[in-house]
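Worksheet: the structure to be examined is printed underneath.
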Amino acid sequence: MLGGLADAYPNAEKELGITRVILESLIEIGNPFFIVSKSTVLLRDLDLLSAHSDIVGVTISLSIMNEKVAKKIEPLAPSPNKRLKLIHSLREAGVSVDVNILPWIPDLTETKEIIQAIPEDLKITLSPLAVGENRTGIKLAGRKYERDAINAAYMNEYRMLGHHKNTSWIAPSPPPQENNPYNRLPQIQG
């Protein structure tokens, strides 16, 4: 995996081209891998990704559709509209692409709008905002969020939208393995 803890395409990648060299090396040895990113710089490497779609997958993070809010929370990331275009461009090029709604943030993540904007054949994974160990809350965008309130709002959203076949909802869980990605909520039959 490229980009599990930090974006595989940081802004410096535009000039440095280090990620492209890593992609070429992984492709050369034929090792399957996937990329997690928010960056439209990824399109620079579309030739490699589409030519080797049998071993490459891409996951794009998109938590907020509101351009102004997204700019406050992720000031260096491409706008939500640019990320939606990136998702569609990757799909059209034959690249396996998924979407992460990570973190899902109460009152900020427009879950229904994101699900509607993503083609139904693409997988969407959701996970609630993590608070971290030894804390009960976190401050984000000038607002304090408490773990219990986050998880209650997330579960309410799941009950309303968990019937979409292309969604996978990570079950909220406390530290030390907060929101463990291997624990999923069941698909709601609707």
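Order determines the names: the first chain of the structure tokens is A, the second B, and so forth; residues in each chain are numbered 1 upward, and ligands are numbered 1 upward as they are shown.
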
query = Using the chain letters and numbers from this document, which residues of chain A does DSSP assign to strand (DSSP E), as a VMD selection string?
reply = chain A and resid 33 to 37 56 to 61 96 to 104 124 to 128 137 to 140 143 to 146 167 to 169

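The space between CA of Ile18 in chain A and CA of Ser79 in chain A spans 23.4 Å.
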
Using only C-alpha atoms, find each residue of range 28-84 of chain A with at least one atom at most 9 Å away from an atom of range 93-113 of chain A; report its shortest atom-to-atom pair and that distance in Å (one decimal), sort the rows by chain and rising residue number, and return the result as JSON lines.
```
{"residue": "A:Val36", "atom": "CA", "partner": "A:Asn100", "partner_atom": "CA", "distance": 8.9}
{"residue": "A:Leu46", "atom": "CA", "partner": "A:Ala93", "partner_atom": "CA", "distance": 7.7}
{"residue": "A:Asp47", "atom": "CA", "partner": "A:Ala93", "partner_atom": "CA", "distance": 8.8}
{"residue": "A:Leu49", "atom": "CA", "partner": "A:Val95", "partner_atom": "CA", "distance": 6.4}
{"residue": "A:Ser50", "atom": "CA", "partner": "A:Val95", "partner_atom": "CA", "distance": 5.3}
{"residue": "A:Ala51", "atom": "CA", "partner": "A:Val95", "partner_atom": "CA", "distance": 8.6}
{"residue": "A:His52", "atom": "CA", "partner": "A:Val95", "partner_atom": "CA", "distance": 8.3}
{"residue": "A:Ser53", "atom": "CA", "partner": "A:Val95", "partner_atom": "CA", "distance": 5.3}
{"residue": "A:Asp54", "atom": "CA", "partner": "A:Ser96", "partner_atom": "CA", "distance": 8.5}
{"residue": "A:Val56", "atom": "CA", "partner": "A:Ser96", "partner_atom": "CA", "distance": 7.1}
{"residue": "A:Gly57", "atom": "CA", "partner": "A:Ser96", "partner_atom": "CA", "distance": 4.8}
{"residue": "A:Val58", "atom": "CA", "partner": "A:Val97", "partner_atom": "CA", "distance": 4.7}
{"residue": "A:Thr59", "atom": "CA", "partner": "A:Asp98", "partner_atom": "CA", "distance": 4.6}
{"residue": "A:Ile60", "atom": "CA", "partner": "A:Val99", "partner_atom": "CA", "distance": 4.9}
{"residue": "A:Ser61", "atom": "CA", "partner": "A:Asn100", "partner_atom": "CA", "distance": 4.6}
{"residue": "A:Leu62", "atom": "CA", "partner": "A:Ile101", "partner_atom": "CA", "distance": 5.3}
{"residue": "A:Ser63", "atom": "CA", "partner": "A:Ile101", "partner_atom": "CA", "distance": 4.7}
{"residue": "A:Ile64", "atom": "CA", "partner": "A:Thr109", "partner_atom": "CA", "distance": 4.9}
{"residue": "A:Met65", "atom": "CA", "partner": "A:Glu110", "partner_atom": "CA", "distance": 6.4}
{"residue": "A:Asn66", "atom": "CA", "partner": "A:Glu110", "partner_atom": "CA", "distance": 8.1}
{"residue": "A:Val69", "atom": "CA", "partner": "A:Leu108", "partner_atom": "CA", "distance": 7.7}
```

Those residues you just picked out, can you put them in a file as a PDB file, in the first residue's frame with N, CA and C atoms?
```
ATOM      1  N   VAL A  36      -3.551   5.038  -1.807  1.00  0.00           N
ATOM      2  CA  VAL A  36      -4.556   5.853  -1.119  1.00  0.00           C
ATOM      3  C   VAL A  36      -4.133   7.307  -1.282  1.00  0.00           C
ATOM      4  N   LEU A  46      -1.462   8.205 -14.755  1.00  0.00           N
ATOM      5  CA  LEU A  46      -2.584   7.433 -15.276  1.00  0.00           C
ATOM      6  C   LEU A  46      -2.135   6.415 -16.317  1.00  0.00           C
ATOM      7  N   ASP A  47      -1.101   6.740 -17.089  1.00  0.00           N
ATOM      8  CA  ASP A  47      -0.591   5.790 -18.082  1.00  0.00           C
ATOM      9  C   ASP A  47      -0.131   4.493 -17.423  1.00  0.00           C
ATOM     10  N   LEU A  49      -0.965   3.414 -14.301  1.00  0.00           N
ATOM     11  CA  LEU A  49      -2.067   2.797 -13.560  1.00  0.00           C
ATOM     12  C   LEU A  49      -3.020   2.045 -14.488  1.00  0.00           C
ATOM     13  N   SER A  50      -3.362   2.642 -15.598  1.00  0.00           N
ATOM     14  CA  SER A  50      -4.299   1.976 -16.508  1.00  0.00           C
ATOM     15  C   SER A  50      -3.644   0.806 -17.250  1.00  0.00           C
ATOM     16  N   ALA A  51      -2.370   0.924 -17.574  1.00  0.00           N
ATOM     17  CA  ALA A  51      -1.678  -0.163 -18.274  1.00  0.00           C
ATOM     18  C   ALA A  51      -1.454  -1.379 -17.372  1.00  0.00           C
ATOM     19  N   HIS A  52      -1.492  -1.161 -16.076  1.00  0.00           N
ATOM     20  CA  HIS A  52      -1.234  -2.250 -15.128  1.00  0.00           C
ATOM     21  C   HIS A  52      -2.370  -2.389 -14.126  1.00  0.00           C
ATOM     22  N   SER A  53      -3.579  -2.195 -14.608  1.00  0.00           N
ATOM     23  CA  SER A  53      -4.751  -2.237 -13.724  1.00  0.00           C
ATOM     24  C   SER A  53      -4.989  -3.622 -13.122  1.00  0.00           C
ATOM     25  N   ASP A  54      -4.311  -4.641 -13.650  1.00  0.00           N
ATOM     26  CA  ASP A  54      -4.444  -5.987 -13.089  1.00  0.00           C
ATOM     27  C   ASP A  54      -3.752  -6.117 -11.734  1.00  0.00           C
ATOM     28  N   VAL A  56      -2.894  -2.989  -9.864  1.00  0.00           N
ATOM     29  CA  VAL A  56      -2.974  -1.689  -9.189  1.00  0.00           C
ATOM     30  C   VAL A  56      -4.421  -1.337  -8.882  1.00  0.00           C
ATOM     31  N   GLY A  57      -4.649  -0.839  -7.671  1.00  0.00           N
ATOM     32  CA  GLY A  57      -5.948  -0.297  -7.293  1.00  0.00           C
ATOM     33  C   GLY A  57      -5.730   1.050  -6.615  1.00  0.00           C
ATOM     34  N   VAL A  58      -6.727   1.911  -6.692  1.00  0.00           N
ATOM     35  CA  VAL A  58      -6.623   3.248  -6.112  1.00  0.00           C
ATOM     36  C   VAL A  58      -7.823   3.498  -5.213  1.00  0.00           C
ATOM     37  N   THR A  59      -7.564   4.089  -4.056  1.00  0.00           N
ATOM     38  CA  THR A  59      -8.623   4.519  -3.150  1.00  0.00           C
ATOM     39  C   THR A  59      -8.506   6.019  -2.977  1.00  0.00           C
ATOM     40  N   ILE A  60      -9.588   6.715  -3.252  1.00  0.00           N
ATOM     41  CA  ILE A  60      -9.624   8.178  -3.115  1.00  0.00           C
ATOM     42  C   ILE A  60     -10.421   8.529  -1.863  1.00  0.00           C
ATOM     43  N   SER A  61      -9.860   9.395  -1.041  1.00  0.00           N
ATOM     44  CA  SER A  61     -10.533   9.855   0.173  1.00  0.00           C
ATOM     45  C   SER A  61     -11.394  11.076  -0.136  1.00  0.00           C
ATOM     46  N   LEU A  62     -12.644  11.027   0.329  1.00  0.00           N
ATOM     47  CA  LEU A  62     -13.576  12.132   0.123  1.00  0.00           C
ATOM     48  C   LEU A  62     -14.572  12.130   1.277  1.00  0.00           C
ATOM     49  N   SER A  63     -14.446  13.084   2.187  1.00  0.00           N
ATOM     50  CA  SER A  63     -15.316  13.126   3.367  1.00  0.00           C
ATOM     51  C   SER A  63     -16.340  14.241   3.330  1.00  0.00           C
ATOM     52  N   ILE A  64     -16.067  15.269   2.549  1.00  0.00           N
ATOM     53  CA  ILE A  64     -16.909  16.465   2.585  1.00  0.00           C
ATOM     54  C   ILE A  64     -17.125  16.961   1.167  1.00  0.00           C
ATOM     55  N   MET A  65     -18.363  17.305   0.840  1.00  0.00           N
ATOM     56  CA  MET A  65     -18.670  17.842  -0.478  1.00  0.00           C
ATOM     57  C   MET A  65     -18.662  19.371  -0.496  1.00  0.00           C
ATOM     58  N   ASN A  66     -18.936  19.998   0.634  1.00  0.00           N
ATOM     59  CA  ASN A  66     -18.991  21.447   0.715  1.00  0.00           C
ATOM     60  C   ASN A  66     -17.577  22.021   0.542  1.00  0.00           C
ATOM     61  N   VAL A  69     -16.145  24.235   3.548  1.00  0.00           N
ATOM     62  CA  VAL A  69     -15.812  23.436   4.734  1.00  0.00           C
ATOM     63  C   VAL A  69     -14.578  22.581   4.455  1.00  0.00           C
TER      64      VAL A  69
END
```

task = Enter the distance from CA of Ile150 in chain A to CA of Phe34 in chain A, in Å, rounded to one decimal.
result = 29.1 Å

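Ranking A:Leu2, A:Leu43, A:Ala130, A:Ala141 by their shortest atom-to-atom distance to Glu178 in chain A, with only C-alpha atoms included, puts A:Ala130 first.
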
key: Nearest to Ile115 in chain A by atom-to-atom distance, counting only C-alpha atoms, from A:His163, A:Arg91, A:Lys68, A:Lys82   = A:His163

Shell of 12 Å around Ala6 in chain A, only C-alpha atoms, local chain residues under 3 positions omitted, as a tab-separated table (two decimals) with all heavy atoms, in the first residue's frame:
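As written to disk, around34.tsv reads:
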```tsv
chain	number	residue	atom	x	y	z
A	1	MET	N	0.84	-1.17	0.00
A	1	MET	CA	0.00	0.00	0.00
A	1	MET	C	0.89	1.24	0.00
A	1	MET	O	1.85	1.33	0.75
A	1	MET	CB	-0.90	-0.01	1.23
A	1	MET	CG	-1.64	1.29	1.39
A	1	MET	SD	-2.83	1.42	2.76
A	1	MET	CE	-2.25	0.40	4.02
A	2	LEU	N	0.52	2.17	-0.85
A	2	LEU	CA	1.16	3.48	-0.85
A	2	LEU	C	0.15	4.49	-0.34
A	2	LEU	O	-0.93	4.60	-0.89
A	2	LEU	CB	1.60	3.89	-2.27
A	2	LEU	CG	2.59	2.99	-2.99
A	2	LEU	CD1	2.81	3.49	-4.40
A	2	LEU	CD2	3.90	2.95	-2.24
A	3	GLY	N	0.50	5.21	0.70
A	3	GLY	CA	-0.39	6.25	1.20
A	3	GLY	C	-1.27	5.85	2.34
A	3	GLY	O	-2.28	6.51	2.58
A	9	TYR	N	0.67	10.98	-2.77
A	9	TYR	CA	0.99	12.07	-3.69
A	9	TYR	C	0.98	13.40	-2.95
A	9	TYR	O	0.10	14.23	-3.15
A	9	TYR	CB	0.00	12.10	-4.85
A	9	TYR	CG	0.24	11.02	-5.86
A	9	TYR	CD1	-0.29	9.75	-5.70
A	9	TYR	CD2	1.01	11.26	-7.00
A	9	TYR	CE1	-0.07	8.75	-6.62
A	9	TYR	CE2	1.24	10.27	-7.92
A	9	TYR	CZ	0.70	9.01	-7.73
A	9	TYR	OH	0.94	8.03	-8.65
A	10	PRO	N	1.97	13.65	-2.08
A	10	PRO	CA	2.02	14.96	-1.42
A	10	PRO	C	2.29	16.04	-2.46
A	10	PRO	O	2.73	15.75	-3.58
A	10	PRO	CB	3.19	14.81	-0.44
A	10	PRO	CG	4.05	13.75	-1.03
A	10	PRO	CD	3.11	12.82	-1.74
A	11	ASN	N	2.04	17.29	-2.09
A	11	ASN	CA	2.20	18.39	-3.05
A	11	ASN	C	3.59	18.43	-3.67
A	11	ASN	O	3.73	18.79	-4.83
A	11	ASN	CB	1.85	19.71	-2.38
A	11	ASN	CG	0.36	19.84	-2.14
A	11	ASN	OD1	-0.44	19.24	-2.86
A	11	ASN	ND2	-0.03	20.60	-1.14
A	35	ILE	N	-3.07	2.30	-3.95
A	35	ILE	CA	-2.67	3.65	-3.60
A	35	ILE	C	-3.84	4.33	-2.89
A	35	ILE	O	-4.99	4.22	-3.34
A	35	ILE	CB	-2.33	4.45	-4.87
A	35	ILE	CG1	-1.18	3.79	-5.63
A	35	ILE	CG2	-2.02	5.91	-4.55
A	35	ILE	CD1	-1.03	4.26	-7.06
A	36	VAL	N	-3.55	5.04	-1.81
A	36	VAL	CA	-4.56	5.85	-1.12
A	36	VAL	C	-4.13	7.31	-1.28
A	36	VAL	O	-3.00	7.67	-0.96
A	36	VAL	CB	-4.66	5.49	0.38
A	36	VAL	CG1	-5.70	6.37	1.07
A	36	VAL	CG2	-4.98	4.02	0.56
A	37	SER	N	-5.05	8.13	-1.82
A	37	SER	CA	-4.68	9.51	-2.10
A	37	SER	C	-5.92	10.40	-2.16
A	37	SER	O	-7.04	9.92	-2.26
A	37	SER	CB	-3.93	9.59	-3.43
A	37	SER	OG	-3.51	10.91	-3.69
A	38	LYS	N	-5.67	11.70	-2.11
A	38	LYS	CA	-6.68	12.72	-2.39
A	38	LYS	C	-6.22	13.56	-3.56
A	38	LYS	O	-6.96	14.41	-4.04
A	38	LYS	CB	-6.84	13.65	-1.18
A	38	LYS	CG	-7.32	13.00	0.07
A	38	LYS	CD	-7.32	13.99	1.21
A	38	LYS	CE	-7.70	13.28	2.49
A	38	LYS	NZ	-7.60	14.14	3.65
A	39	SER	N	-5.02	13.35	-4.02
A	39	SER	CA	-4.36	14.26	-4.94
A	39	SER	C	-4.67	14.00	-6.40
A	39	SER	O	-4.64	12.87	-6.88
A	39	SER	CB	-2.84	14.16	-4.73
A	39	SER	OG	-2.17	14.99	-5.64
A	61	SER	N	-9.86	9.39	-1.04
A	61	SER	CA	-10.53	9.85	0.17
A	61	SER	C	-11.39	11.08	-0.14
A	61	SER	O	-10.93	12.01	-0.77
A	61	SER	CB	-9.51	10.22	1.24
A	61	SER	OG	-8.73	9.09	1.57
```

query = Using only C-alpha atoms, which of A:Met155, A:Ile114, A:Val131, A:Ile55 sits nearest Ile188 in chain A?
reply = A:Met155
